[in-house]
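Shown next, in structure tokens, is the structure this report addresses.
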Amino acid sequence: MGSYNPLSNLTSLTKTETGFEVRAVITVKVTVGGLFDNIGVTRPLDEINEAVSTAFLLELVSSQLDANGEEKETIQAYASKISQTFKQIRYAATFTVPEDFGEVGALMLENQLRKEVFIKDIVLEGFPAGPFTVFCDSWAHSKSVNPTKRVFFTNKSYLPSETPEGLRSLREQELENLRGNGQGERQPSDRIYDYDKYNDLGDPDSTPPKARPVLGGHQHPYPRRCRTGRPPTQCVKKLRALLNAFLPGLQAVLTDNTKKFRFFTEIDNLYSDGDCEGKDKDEEDDEDSMPKRGFKLPSQLGTIGAILPTLIKIFREGGDAFLLFDLPGIIDKDRFSWLTDEEFARQTLAGLNPLSIQLVTEQEWPLRSKLDPKVYGPPESLITEEIIEREISDCMTFREALKQNKLFMLDYHDLLLPYVSKVREIDDTILYGSRTVFFLTEEGTLRPVAIELTRPPIGDKPQWKEVYTPSYDTRMVGCGGWQKLMFVRMTLGTISLSVTEPYIIAANRQLSAMHPVHRLLKPHFRYTMEINALARGSLINADGIIEKTFAPREYCIELSSVAYDKLWRFDREALPADLIARGMAVEDKDARHGLRLTIEDYPYANDGLVLWDATKEWVSDYVDFYYPEECKVESDQELQAWWTEVRTKGHEDKKNEPWWPVLNTKRHLVQVLTTIIWVASAHHAGVNFGQYEYGGYFPNHPSIARTNMPTEDSTEEKFKEFLKHPEDALLQCFPSQLQALQVTAVLDILSSHSPDEEYIGGKLEPSWEDEPEIKAAFERFSGKLMELEGIIDARNSDFTKKNRTGAGVIPYELLKPYSTAGVTGKGVPNSISI
């Protein structure tokens, strides 16, 4: 496991009477701030362009002890500026290194400038073997606000028991500094990782009150958060600007939150048709025959949009400014496919949320609620054997379908029903508990056969529930769009963001930066803390965008706590275990990946299993290298402390669950690490980067419904009116103009890849470069991901796979590893960075 360190060879190009002359060059990345102070954690150029003689104090730390068994004195030198470009500033320091100093194991840096700076790397020059680079990629605060020196270990990874003697105390002290003492209010300059509950979402002192329950604890179980952030990506900067500048301005001038779209043409005109941008006025279509494209912005917002050209798509005509969105894939391929039952069903396997579909088993039949019938009404479902058999009688009987694993379900009944009454107290917001049953056809596609909507008793009104079927209910002609609208597919995106944060906090508290597991996981933690902090402040907070535009409204995040409590298990976060738990696969040693899928053409599962296997093989090679003996896993104090803290502090509310893996074998460690990497990369990509493609055209995936089903509490006269003008009623039920513009803009940003995105398998970490076996294993991993690119292309060209290809069908590319910047509907980043 040896790695050559140029500093271990003290044959220098320049030798002095007292030792060797070594030159260190520090590269500081210049991060230029935006037009608004709150857009990003950046520093304008003039704040670090300081002509000072001593910008940094740098110290070399030996990995060896002296002859008396004591740590050697560090070697110090001050660094001064030697060059500057628009992107970076370089500083240099010169050391005299004694011949007996030994191998350098770490550098210590003190920032003497007035502001924090971003240290890119430190290169030590002057040795025959060439320069030695310490990769930092970290902020360093000014010593005036944080006197603790920054420690940067060299690229060699060590298990705790193998740490060089000269670095042992520094390794331990650095972890102690990162843990802190658990006391005091956190300051921006602190590098301390503490656990906390979600106690910062509400604003109970505001008018009107915006109190929200604390998430975390017995009443509202939830993963813990941290109070320390991370530098933003370009997409985080865009999202920050959107949430803090544009959307508040939009709400300020569009004061009527209830204003509906009058026609579908008004909705369609929000999107570019590919030929309207850049036209001169006299080239535009006649206004009487074609309404103007884009949403006309008030003058205040036109100005904001003009200074954020990379964030908001604006085109101008005369003195007016118009907001215009790109065509989402769902209508770019086929403007009317979203209306069909086939597309509605297909998206359960290849759309925004392919993680909820489950097999209907004999043990679960007949369907029945587990909620208290005294509170929520009769528990029996109205979806009966007779109803299903009537729908599938052209193929088989109900009992045959059940035994042959042909029936599947999306079940949000018990999850949503306790919130239906609460949500309905909010103006213009409707919610139902829902179940949807599908039938698997001979072609391998799903067909919806029944949708059940339930409202619990409210006041003196008894429970209301109704079942809608495609073939035998004439009301489906009018309600066809309605039952899909009311059935809101729950992506539970806030949970995918939240569950990863405890891994990050525990890793920084318990795993040294030189620990091989820390270095394996670090790329998968990139920017997640920052995006989570931003979400708490402007996205999921009280009266934030999620509460304004999604159906559960002020109960959105509380509902995610319920989902975490009832549904989340670490052992089922692994893709194979998840598929088996939902009945979507069974173990089969003779099948590819060791699993046989219940639905053969299941794009998320098919592509995901290739990616899962490649990741697991890479992790297995990595673990085998650093843990050649089984006993090293259990005896690794840092590793065990990390995993114990993930369970007992990060997921404290579930710490006593029996399903937590015990890290006592390499097999268990591989499974744990692969699962964490999967959740941070592929799992998130599968539910995030298709949001604009499918949800950007909100009629396909509305975030909120504002009116009841036409068949609930409707007079005969009103229902007849609905049958005459179902389109008008549907438009009334859709999100308001303000809600639609807000959520579409957010989905555009959330679905976008940053230019500096780092994709899975795409970047060889410096510490792996120095280990030939690890480098070779990573290159094999990268090669398998390149193969997956071709596999996905081939699958999307196979017309027998009707869930991923065909006329008007969006090809399934969400788990295609690599992407260009922007909204592409593909690409698997290493981490949750947006």
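Chain identifiers are assigned as A, B, and so on, following the order in which chains appear in the structure tokens; residues are numbered from 1 within each chain, and ligands are numbered from 1 in order of appearance.
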Picked from stretch 377-539 of chain A by DSSP as alpha helix (DSSP H), as a PyMOL selection string
chain A and resi 385-392+398-403+413-424+476-486+493-510+516-521+528-534
Distance atom CA of A:Val746-atom CA of A:Val420, one decimal place?
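Atom CA of A:Val420 lies at a distance of 25.5 Å from atom CA of A:Val746.
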Per-residue nearest contacts of stretch 532-623 of chain A to stretch 694-703 of chain A (8 Å; only C-alpha atoms) as JSON lines:
```
{"residue": "A:Thr549", "atom": "CA", "partner": "A:Ser703", "partner_atom": "CA", "distance": 6.3}
{"residue": "A:Phe550", "atom": "CA", "partner": "A:Ser703", "partner_atom": "CA", "distance": 4.8}
{"residue": "A:Ala551", "atom": "CA", "partner": "A:Ser703", "partner_atom": "CA", "distance": 6.1}
```
Exercise: A:Met396 partners within 12 Å, only C-alpha atoms, chain neighbours under 5 positions left out, as a PyMOL selection string:
chain A and resi 388-391+401-404+406-407+439-442
Kindly export the residues of the current selection with C-alpha atoms, as a PDB file, in the first residue's frame.
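Result file follows (result31.pdb):
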```pdb
ATOM      1  CA  ILE A 388     -60.591  -5.330 -11.333  1.00  0.00           C
ATOM      2  CA  GLU A 389     -61.851  -8.454 -13.061  1.00  0.00           C
ATOM      3  CA  ARG A 390     -64.280  -6.370 -15.051  1.00  0.00           C
ATOM      4  CA  GLU A 391     -61.361  -4.269 -16.316  1.00  0.00           C
ATOM      5  CA  ALA A 401     -53.676 -11.955 -12.332  1.00  0.00           C
ATOM      6  CA  LEU A 402     -52.996 -12.018  -8.593  1.00  0.00           C
ATOM      7  CA  LYS A 403     -51.207 -15.391  -8.721  1.00  0.00           C
ATOM      8  CA  GLN A 404     -49.188 -14.465 -11.812  1.00  0.00           C
ATOM      9  CA  LYS A 406     -49.805  -9.020 -12.778  1.00  0.00           C
ATOM     10  CA  LEU A 407     -51.291  -6.474 -10.390  1.00  0.00           C
ATOM     11  CA  PHE A 439     -52.454  -4.401 -14.643  1.00  0.00           C
ATOM     12  CA  LEU A 440     -49.313  -5.700 -16.373  1.00  0.00           C
ATOM     13  CA  THR A 441     -50.129  -6.408 -20.017  1.00  0.00           C
ATOM     14  CA  GLU A 442     -48.552  -9.008 -22.284  1.00  0.00           C
TER      15      GLU A 442
END
```
Got a sec: who's within 10 Å of A:Glu176, counting only C-alpha atoms, leaving out chain neighbours fewer than 4 positions off, as a VMD selection string?
chain A and resid 170 to 172 180 to 181 192 509 to 510
Export of the given selection (C-alpha atoms) as a PDB file, in the first residue's frame:
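And here's part33.pdb as it stands now:
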```
ATOM      1  CA  LEU A 170      -2.407  15.835  15.011  1.00  0.00           C
ATOM      2  CA  ARG A 171      -4.915  13.378  13.574  1.00  0.00           C
ATOM      3  CA  GLU A 172      -6.713  13.134  16.903  1.00  0.00           C
ATOM      4  CA  GLY A 180     -16.173  20.876  19.162  1.00  0.00           C
ATOM      5  CA  ASN A 181     -17.523  20.706  22.677  1.00  0.00           C
ATOM      6  CA  ILE A 192     -17.471  22.484  13.902  1.00  0.00           C
ATOM      7  CA  ARG A 509     -16.537  14.281  13.260  1.00  0.00           C
ATOM      8  CA  GLN A 510     -15.165  10.757  13.418  1.00  0.00           C
TER       9      GLN A 510
END
```
Which residues are close to A:Ile546, i.e. within 12 Å by only C-alpha atoms, leaving aside same-chain residues fewer than 2 positions away? Reply as a PyMOL selection string.
chain A and resi 201+243+492-494+535-544+548-557+703-704+739-740+742-744+746-747
Go ahead and dump the residues you just picked, C-alpha atoms, as an mmCIF file, in the first residue's frame.
```
data_model
loop_
_atom_site.group_PDB
_atom_site.id
_atom_site.type_symbol
_atom_site.label_atom_id
_atom_site.label_comp_id
_atom_site.auth_asym_id
_atom_site.auth_seq_id
_atom_site.Cartn_x
_atom_site.Cartn_y
_atom_site.Cartn_z
ATOM 1 C CA LEU A 201 -38.146 26.063 9.527
ATOM 2 C CA LEU A 243 -35.488 32.161 -4.247
ATOM 3 C CA LEU A 492 -40.401 12.766 -1.026
ATOM 4 C CA GLY A 493 -37.425 14.750 -2.278
ATOM 5 C CA THR A 494 -36.763 16.429 1.066
ATOM 6 C CA ALA A 535 -33.437 24.586 1.271
ATOM 7 C CA ARG A 536 -34.096 25.150 4.975
ATOM 8 C CA GLY A 537 -33.801 28.890 4.547
ATOM 9 C CA SER A 538 -35.808 29.482 1.379
ATOM 10 C CA LEU A 539 -37.369 26.320 -0.021
ATOM 11 C CA ILE A 540 -38.881 24.146 2.714
ATOM 12 C CA ASN A 541 -39.196 26.848 5.366
ATOM 13 C CA ALA A 542 -42.472 28.296 6.623
ATOM 14 C CA ASP A 543 -44.221 30.043 3.723
ATOM 15 C CA GLY A 544 -41.398 28.964 1.407
ATOM 16 C CA LYS A 548 -46.861 27.784 -1.417
ATOM 17 C CA THR A 549 -46.947 25.474 -4.409
ATOM 18 C CA PHE A 550 -47.326 21.847 -3.224
ATOM 19 C CA ALA A 551 -50.558 20.216 -2.123
ATOM 20 C CA PRO A 552 -49.820 19.487 1.556
ATOM 21 C CA ARG A 553 -48.957 23.198 1.866
ATOM 22 C CA GLU A 554 -47.787 24.061 5.398
ATOM 23 C CA TYR A 555 -47.752 20.350 6.260
ATOM 24 C CA CYS A 556 -45.283 19.391 3.506
ATOM 25 C CA ILE A 557 -42.222 18.863 5.668
ATOM 26 C CA SER A 703 -47.982 20.138 -7.627
ATOM 27 C CA ILE A 704 -51.307 21.202 -6.175
ATOM 28 C CA GLN A 739 -48.004 29.003 -8.326
ATOM 29 C CA ALA A 740 -47.352 27.578 -11.786
ATOM 30 C CA GLN A 742 -43.000 29.715 -9.266
ATOM 31 C CA VAL A 743 -42.819 25.939 -9.346
ATOM 32 C CA THR A 744 -41.825 25.788 -13.028
ATOM 33 C CA VAL A 746 -37.759 26.161 -9.431
ATOM 34 C CA LEU A 747 -37.977 22.849 -11.308
#
```
Please list as a PyMOL selection string every residue within 10 Å of A:Ser83, counting only C-alpha atoms and excluding residues in the same chain fewer than 5 positions away.
chain A and resi 27+88-92
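Using only C-alpha atoms, the contacts of A:Ala614 at a cut-off of 8 Å, with sequence neighbours closer than 2 positions omitted, comprise Val610, Leu611, Trp612, Lys616, Glu617, Trp618, Phe781, Lys784 and Leu785 of chain A.
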At what distance in Å, to one decimal, does atom CA of A:Leu416 lie from atom CA of A:Pro379?
14.1 Å
Enter the distance from atom CA of A:Asn199 to atom CA of A:Pro213, in Å, rounded to one decimal.
7.6 Å
Let's see if you can do this: from backbone DSSP, list all strand (DSSP E) residues in stretch 373-618 of chain A, as an MDAnalysis selection string.
chainID A and resid 407:411 433:440 446:455 464:468 585:587 595:597
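Comparing the minimum interatomic distances between A:Gly459 and each of A:Gln640, A:Asp121, A:Val375, A:Pro603, counting only C-alpha atoms, we find that A:Val375 sits nearest.
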In terms of the shortest atom-to-atom distance over only C-alpha atoms, which of A:Thr85, A:Thr454, A:Ser681, A:Ser714 is closest to A:Ile430?
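For A:Ile430, the nearest of the candidates is A:Thr454.
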Residue with smallest distance to A:Leu349 - pool A:Lys566, A:Lys260, A:Arg447, A:Arg186, counting only C-alpha atoms
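Going through A:Lys566, A:Lys260, A:Arg447, A:Arg186 one by one, the smallest distance to A:Leu349 is for A:Arg447.
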